[in-house]
Each structure stands twice: as structure tokens, then as C-alpha cells.
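Visitor: First the structure, then my questions, so here it is.
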Amino acid sequence: MSDSTLPTGGKPARRTIKEAMDSSLKARYAAEKRFQAYGIIAISLGLIFLSLLFYSIISRGYTAFEQTIIDLPVTLSTEELGRDGKVTSESIQAANYSKIVRESIVDAVGADMSNRSEVRKVLELVSREASNQVRNYALENPDKVGSTQIIPVLARGDVDSLMKGQIDRNAPEDRRQVDDQQLAWIDLLIENGSLEKRFNSFLFTEGPSSRAESSGIAVAVMGSAFMMGVVLLLALPIGVAASIYLEEFAPKNRWTDLIEVNINNLAAVPSIVYGILGLAVFINYAGLPRSSAVVGGLVLTLMTLPTIIIATRAALRAVPPSIREAALGVGASKNQAVFHHVLPLAAPGVMTGTIIGLAQALGETAPLLMIGMVAFVNDFPTSPWSPATAVPVQIFLWANSAERAFVERTSAAIIILLIFLILMNALAVFLRKRFERRW
Amino acid sequence: MTTGLLLTVIILLMAAIYIFARMRAVQMVSGDVKQLHSRPTYHGSYAAIILGAPLLALMFFWQIAEPLYLNSVIRGQMPTDVQSLSDSKSGLIEGQIRSIADGLKLLNTEERTQVSIGVVDARTALAEKGVPLGSDVQRYMVSAADKYLERQDVSRNVRMAALAVAAVLAFLYLLKALGPKLRARNLVELSIRIGLITASSIAILTTVGIVMSMLSETVRFFNMVPLSNFFLGTVWDPRFANVGSDTEIGQYGLLPLLWGTILISVIALLVAVPIGLFSAIYMSEYASPRVRGTAKPLLEILAGIPTIVYGFFALVTVGPFFRDFGATVGLDVSARSALTAGMVMGIMIIPFVSSLSDDIITAVPRAMREGSLGLGATKSETIRRVVFPAALPGIVGAVLLAASRAIGETMIVVLAAGVAPNLTANPLEAVTTVTVKIVSQLTGDTEFTSPQTLVAFALGLTLFTMTLVLNIYALYIVRKYREQYE
């Protein structure tokens, strides 16, 4: 265009300018394309990492929701379970269940009771937990003593792994955790329908155990629930009160500026530092019990507060000044304007912020390690003051166990944790979409 | 009465007086509430505050002061040779006396006199009641426990009396003060205001608490270990085996830990900054609203995943992958390495970089873009030459915030980085970090007198200071930048 307006100029020169422009344009457009491609690559990489993460966890973990169970015909004979011919709950408690389980399983596969190495191999099919299971069954059904009952017991971890295809049954015998003889027994049990995979209820009803097949996350879930309760009870009122003051009442001066910088900084302090604070203040100074849910809850409260405050302040700021002015105009006091009008309108934003804060607290591990929650806790916590453990800590403890079956359980616990987090975040998004007002 | 029961009674009293004052306010004006200065609910709250505040304050005072007083009672009862023992040892004896006292409460009068005069051994008597005592009970301990219980009784009685007097006084005052002209709302609103201010100063208290708790232990640590050992030492060897012996305090070189932290953080930033930045640019400048609406929340999921999950991912997936990949190309990569931890940490902080950068790029005024586009620059040239330089300070702030995240990250490195301190520049080897050492020095059974555990507080303070400086500087830049374009 511009060259046509030029009054003079040799043809060849004009062509070079046009050519030069064309070629530079080409290069510039190519650069443009490349630049866009970098952006797309970056986003795709991020999404690929995300899906890899989920794939890796889910593919390792989904098998843990099933567990191999053996339906074992057990003879609860009066001689074994009773003492001096009388069956009492004490005698049922005290009976030798490993012997009963041994005889039952040897019987079930038709092995030779007098061959000790064979008996040992047969025993490797059932979990060591089996004798407890039989005892519990007998304690719950004392009227069944004296008869033969089919009691479902846990299979050993290796058998479970074989059933889930994690142990290759075609591998050479010396490189397989289950030998040919045991494989034959397993096939026999599968054939008569007494060995199969069922839904793993242990994962949801039991506490940690040194045996992978009988460990679950119920105790940890309980501890986490207690902590979330403490966090909700403390962080929500304190956080809302602090935000109301800072946003609605505080004069703009050095002091409130300091608080403001402080809160923003606290939101970025490493979580482990909060753990050290909890250890020094709540345990060493205030003397609260170590590894209890109340200390964990307090530490997580301090950690969550900045998140809740920042979200609540944003929600309060979004309420237009006209609301406050209208309230003040009809004679409400400043307090009444805030508590009766502004706060209810900001409530969806507050709830969203609180839920996101809780979700963050639910997945936090490092500060809990500092306050002694790594202890092996096998009993359900009965109050916030009793020793507890939390789901992420349980994941940490299982992640450090080498056994294959624990990797599966760790992933399953992570899946459950992630489901909780996704539900909480979905709820937050729903609340925001449903109740948020645009002014 | 026990403290819990007393608290319940006080709260019930407050509820009762609330209802009473509220009804009385309506009664005084025979139902015509317009004549009242404050609405009836404020009268109720006013009465509850006037009654409750002094009572709760007294309870609080006793909760703090009583243990201090009783401690001095116990100390006073100890023989002088016990008093001159070290803090931790006399603390143990104090605990012992306290548990004897707790046990004595379970005994009946007859048994108690028997124990007090020494006819029956305290340890066996208490064991029968299910109170196990660690070591043998000395005579002075029983008498101290007796004294302790006696003084505790006195203190409880005084508390009861004080509470009763305060309650009566408050009630008398209320009878006089309650009236139609009472400016009840003013006091109620003032109390609410005080409550709000208290809540917002918790943020300050937390920071003060963090600094104080770590500072005092750090000072104790540096009383045992010279500063140069910690800050300039290149060897980390706390010698857990020799805890307690004075000759072996161990070496607490910070440098290898700091180096590991920095190495891993740099790798993390090398992963996160390009990906995060390019994602932010693409999403804010190129992407259609639909793409942006899906990609942005999806990337932000990465920030919501608990760090322990990343740690496990690094441990079971990324680490073995790098090890096997290294083996096929002839490199020796250890299963736990700086590369693994840094890489996974980088994935974690992508959204920290991308979200904040996205906001910052969007905040660059349109006029600047349009001016550049109008001059004939392509979109990418506009971004590179105009938008990016204008957004640079804010982006630097975002990167610094991400860096502070990386430095303080714990679970990923605990699971994936290794535990052996290593001053190496090779990212394929295992290194350890400040946070890993804090965890390993403070978990398990710990006594807070040895430098082996106290060092964790010094490490914590170092970590806190580093992140504090980074955060404040980054927040300052971001804030300054926002003001520039507002």
C-alpha cells in the first residue's frame, strides 16, 4: 500500500522492500504461531501431569477396595472352646484359635496334617488375623458352639496379590511368592467357590495394623473428623470476627496495616512452622496431651485462619456500600447494619472460603508430624483429648511401608481423601454458583 | 465444684439473667418497646455481659494463677537438696508429687491417714486404685502431696467465695441499672467490638507465638552449640547415639541442608515457571472463554491436592521412572533424588505461578495492548515487548511466592528427597533439606534439653526467616504493582 503512494523508485528496489517485508512477515507470523504453541504445550503439560498423577494413584489403588476372602468351614467343637466341658465366654475367649484355624484350613484343602512343612504352607494361605476373626465370631454367636460353621476369613496378602494379578501366576516357581502346591490349593478353593474377592469392608471399619490385609483407615477418619470439628468451631467464628473488624470497623492506620501484612504473610508461612508452634505452645507450654485431636485442630485452626479471613474479607468487600448506607439511613447502628444486613449477604462467600480452608486443613500432614500424631494409634478416639491419627498421616505411615499390599492401601486411602476433597470443593463451587449475587 | 461444672453453671446463670432482663425491659414499659432506648434483646445481652464478664474473668485468672501458686507450694515442701537439682529432674519430681496427690483423692479417709503417717506404702496403696507411680515414693513427697491438696482446697474455696460475691454484686447493680432509659446497646456493641478486635489480633499473636517459641529454644541451642558450628558448618552429624554426654555435642552444619533446599527449589522453579508463565499468557491473551473456563480450574486442582499425595506420587511413580530411565541411558540415578523431588514440587507450584501471573497480566491496561497492536505489532510481539515488561514486577512477585512455597514444602521432600545431607551439585543424587531435618529431629520421643532436638527450632527459625523475607518482599512488589495500574 505504502509503496504505491511513493512518487518514484526503481522497480527492483521496490521488489526487494516488498520481498523483505514478506519474508519478515512470514518470520513474524511463524514466531506468532510458535508463541501460541508454547502456550498450548504448557497448558497440556500441566494437564498431562494432573492426569498422570490421578492415573498413577487410581491404577494402584482401586484394587484395594476388594479383598480376597476364604469361606472356611470351622468346627467350633465344645472340647476346644469349653473348659472342663462347660462353655463360657471366658473359655471362648481363651481357646486356641490358631489350632482351630490350622485344622480347618488343612481340612479344607485336603492336605496331610502329619506333614509339617505342608501344614506350614497351607497356613500361609490365611491371614494371621484369621484366628481373631474366628474368635470374634464365636464370641458373638456362642449358640453356634458345637456345630460347624462357614466363617469368612481373610486370605494372606500374597494370595490377595495373586488374585488381583499383581503376582504373575505364570512366573517360574522360584520367583513367585506363592509356590505351585499353594497355587493348586488356591485353584481348588476357587473351584469350590470358597475363595473369592469381595468388597473390602476392613478398609472402612478397621484401624491401622501391621498386617496389610486387615488394616483400614476408620480410626484415621475418626481423628480427622474430630480435628475438622475443632477447626470449624474455632476458625469460622474467629475468622469471621477478624474479617468484620478489619473490613468494616478498623480505622486505616499503622496497626491495621500491620495486621493486614501479617495475615497475608501467615497465609504463606510453611505449614511445618505451625507444627513447631503447636509443639512449643500447645504441648510444651499449655500441657495439652500429645498427639490428640484437639492440639491438631488448634494447629490447623491457626493455619486455616488466614485463608478464611482473606475469603471473608473479599466477600464483605463485594457487598455494595449502598446496603450499609440504607441500613444506617433508617436508623440502624453500625453494628446492626453489619450484622443484620452485610453479613447475611456475604454468607455464601464466607461459607465457600471456610470450606476451602477446611479442605486445605484436611490434607495437611507436616504440622501433625510435629505434634506427635505419627504414633501408632489403633483405638478409636473417644474425645478430642484422646490420642488420634489423621488420614494424611496414615497415608504417610503406609507410604513408608515396603509391602506391596500397603502400596495398594496407601493409594486407596489417597483416593478416599481426594474424594472427600473433591466433594468439599464441589460444594464450595455449588454454593458460590447458587447463592452468589452479582451487584 | 470442678472447673467444667462451674463454667456450665455460669453459662446457665447468664442465660437465665438474659431472659429475666429481657422480660423485665418489656414489662417496665408495659409492652410499648418504643419507649426503650435499646431493644429488649440488648437489655438481655447487657445483663448477661455484666454478670458473665467478671465471673469468667475470675475463672480465667484462677486457671492461670492457681497452678503457679500450687507449684510454689510444692517447691516449698521439697527438701533443699531436691530443690537444687536441675530443672528437668525437679520437674519430674513435681510431676510425681502431682500424681500422688491425684491418687490420694481416690482414697477414703482411713486409707489416707494410713498413707500420710506412713503405715501403708503410698505406692502400693495407689497401685490398688489404679494409679501407677514410676519410682519409689519418698516421705516428703507424700507430705508435699498432702499440703498440695490442702492448699488446692483452700484455693477452690476462695474461688467459690469470690465468684459468689461477684455474682451478687453484679445482680444488685443490674437491679438498679435496668430501666427504660438504660443505654444497653452501647455496652453490648462495645463488647462486640472488643471481641472483634481480639479476634483480629490473633493473627498478630500467632506470628508473635511463632517467633517467640522458636527464638527461646534457639537461644538455648546456641548456648550449647557455637554459632559458627551451625551457620558455617559443612557437616551435619547430630550424633543421636551420644545424647546426654557433654563431650559429644555433634556437628550441626546448616550449609548442606540449605544447599539441598535451594537445589530442589531451583529445579522446581525450572519446571514451574515456564509452564506456569506460558499457561498464564495463553489463558489470558489467546484462549477462548470456554477453554479458559475449563483449563484454569483444572490446573488449579494441582494446588488443591495435598502435598502428601505428591510425595507418594514422587516415591512410587516418578522416582522409579527416573531410576529406570537413567539405567537405560547409562546414568546412575538414585531412587530418591533432588531431581525427583524438584520435578514433583514443580508440578505442585505450577498453579501458584499461573494463577497469580494470569491475574497480573489481565490487570495490564487494555490501552497499552491496543497501542502496540495499532502500530502493527503481532499479538505475540505485543505480549513480549509491551505486556510482559509491564507485568514483570508482578510476575517476579508471583515467582517469589512460589519459591517460598517450595522452600517450606515438607512432605514431598520427606518422602522423595532422601535423608543424607549431601553437598553436591548433581541433581541425580539424593540430598536432604531443612524441612526434612526438622521432621526427623522432632518426631518420636523427644526431650527438649538436648541440642539434638533444639536444633530443629534453630532450623525452623531459619526457615521462617527465609520465607518471611521472600513473602514480604513478594507481597510488597505485587501490591505496588496493583497500585500502579489502579
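Following the order of the C-alpha cells, chains are lettered A, B, ..., residues in each are numbered from 1, and ligands are numbered from 1.
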For chain B, list the residues within 6 Å of chain A, counting only C-alpha atoms, and write the list as a PyMOL selection string.
Guide: chain B and resi 196+199-200+210+213+275+278-279+282+306+380+408
Visitor: Would you mind listing, for every residue of range 55-159 of chain A within 9 Å of range 163-178 of chain A, the two atoms forming the shortest contact and the distance between them in Å to one decimal, using only C-alpha atoms, sorted by chain and ascending residue number, as JSON lines?
Guide:
```
{"residue": "A:Thr63", "atom": "CA", "partner": "A:Lys164", "partner_atom": "CA", "distance": 7.0}
{"residue": "A:Glu66", "atom": "CA", "partner": "A:Lys164", "partner_atom": "CA", "distance": 8.8}
{"residue": "A:Gln67", "atom": "CA", "partner": "A:Lys164", "partner_atom": "CA", "distance": 8.9}
{"residue": "A:Thr68", "atom": "CA", "partner": "A:Met163", "partner_atom": "CA", "distance": 7.2}
{"residue": "A:Asp158", "atom": "CA", "partner": "A:Gln177", "partner_atom": "CA", "distance": 6.7}
{"residue": "A:Val159", "atom": "CA", "partner": "A:Met163", "partner_atom": "CA", "distance": 6.2}
```
Visitor: For range 148-165 of chain B, work out the shell of residues within 10 Å, counting only C-alpha atoms and skipping chain neighbours fewer than 2 positions away, then give it as a count of residues only.
Guide: 38
Visitor: If you run DSSP on this backbone, which residues of range 147-250 of chain A come out as strand (DSSP E or B), and could you give them as a VMD selection string?
Guide: chain A and resid 148 to 155 195 to 199
Visitor: Keeping N, CA and C atoms for every residue in the selection just given, could you write it to a file as a short mmCIF file (atom, residue, chain, number, x, y, z; two decimals), in the first residue's frame?
Guide:
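The file below, result_30.cif, is the result:
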```
data_model
loop_
_atom_site.label_atom_id
_atom_site.label_comp_id
_atom_site.auth_asym_id
_atom_site.auth_seq_id
_atom_site.Cartn_x
_atom_site.Cartn_y
_atom_site.Cartn_z
N THR A 148 -20.56 -76.93 63.06
CA THR A 148 -19.59 -76.50 62.06
C THR A 148 -20.18 -75.32 61.30
N GLN A 149 -19.47 -74.24 61.29
CA GLN A 149 -19.96 -73.02 60.64
C GLN A 149 -19.01 -72.60 59.53
N ILE A 150 -19.58 -71.95 58.52
CA ILE A 150 -18.72 -71.40 57.47
C ILE A 150 -18.42 -69.96 57.85
N ILE A 151 -17.15 -69.72 58.16
CA ILE A 151 -16.77 -68.38 58.62
C ILE A 151 -15.86 -67.75 57.56
N PRO A 152 -16.22 -66.58 57.05
CA PRO A 152 -15.33 -65.92 56.09
C PRO A 152 -14.11 -65.34 56.80
N VAL A 153 -12.91 -65.77 56.38
CA VAL A 153 -11.68 -65.22 56.98
C VAL A 153 -10.83 -64.62 55.88
N LEU A 154 -9.92 -63.74 56.30
CA LEU A 154 -9.05 -63.05 55.35
C LEU A 154 -7.99 -63.99 54.80
N ALA A 155 -7.69 -63.84 53.51
CA ALA A 155 -6.56 -64.56 52.93
C ALA A 155 -5.29 -63.76 53.17
N LEU A 195 -13.10 -69.41 47.83
CA LEU A 195 -12.11 -68.34 47.85
C LEU A 195 -12.45 -67.35 46.75
N GLU A 196 -12.75 -66.12 47.14
CA GLU A 196 -13.08 -65.13 46.12
C GLU A 196 -12.83 -63.73 46.64
N LYS A 197 -12.82 -62.79 45.68
CA LYS A 197 -12.63 -61.39 46.06
C LYS A 197 -13.98 -60.80 46.42
N ARG A 198 -14.01 -60.09 47.53
CA ARG A 198 -15.25 -59.41 47.92
C ARG A 198 -14.93 -57.97 48.25
N PHE A 199 -15.98 -57.17 48.45
CA PHE A 199 -15.80 -55.78 48.83
C PHE A 199 -15.02 -55.70 50.14
#
```
Visitor: So, counting only C-alpha atoms, which residue among B:Ile264, B:Ala272, B:Val82, B:Ala338 is closest to Ile407 in chain B?
Guide: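 Checking each candidate against Ile407 in chain B, we get B:Ile264 as the closest.
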Visitor: Would you mind listing what lies within 9 Å of range 100-105 of chain A as a count of residues only, with only C-alpha atoms counted and same-chain residues fewer than 4 positions away left out?
Guide: 21
Visitor: If we count only C-alpha atoms and set the cut-off at 7 Å, which residues sit around range 283-294 of chain B, ignoring sequence neighbours fewer than 5 positions away in its own chain? Please answer as an mmCIF file with C-alpha atoms, in the first residue's frame.
Guide:
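Result went into out11.cif, see below:
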```cif
data_model
loop_
_atom_site.group_PDB
_atom_site.id
_atom_site.type_symbol
_atom_site.label_atom_id
_atom_site.label_comp_id
_atom_site.auth_asym_id
_atom_site.auth_seq_id
_atom_site.Cartn_x
_atom_site.Cartn_y
_atom_site.Cartn_z
ATOM 1 C CA ASP B 358 -2.814 -14.630 34.991
ATOM 2 C CA ILE B 361 -1.324 -9.991 33.053
ATOM 3 C CA THR B 362 -5.074 -9.372 32.894
#
```
Visitor: Mind checking which residues fall within 6 Å of Thr410 in chain B, counting only C-alpha atoms, ignoring those fewer than 2 positions away in the same chain, and posting them as a PDB file with C-alpha atoms, in the first residue's frame?
Guide:
```
ATOM      1  CA  ILE B 412       7.364 -34.203  49.136  1.00  0.00           C
ATOM      2  CA  VAL B 413      10.966 -33.953  50.250  1.00  0.00           C
ATOM      3  CA  THR B 435      12.357 -29.300  56.475  1.00  0.00           C
TER       4      THR B 435
END
```
Visitor: Residues at most 9 Å from range 88-90 of chain A, counting only C-alpha atoms, excluding those fewer than 6 positions away in the same chain, as a PyMOL selection string?
Guide: chain A and resi 81-82+139+142
Visitor: Please, what distance in Å, to one decimal, runs between CA of Val271 in chain B and CA of Thr304 in chain A?
Guide: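 Between these atoms lies a distance of 28.0 Å.
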Visitor: May I ask which of the residues B:Thr340, B:Ser216, B:Ser30, B:Asn186 is the closest one to Val316 in chain B, counting only C-alpha atoms?
Guide: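 Checking each of B:Thr340, B:Ser216, B:Ser30, B:Asn186 against Val316 in chain B, counting only C-alpha atoms, the winner is B:Thr340.
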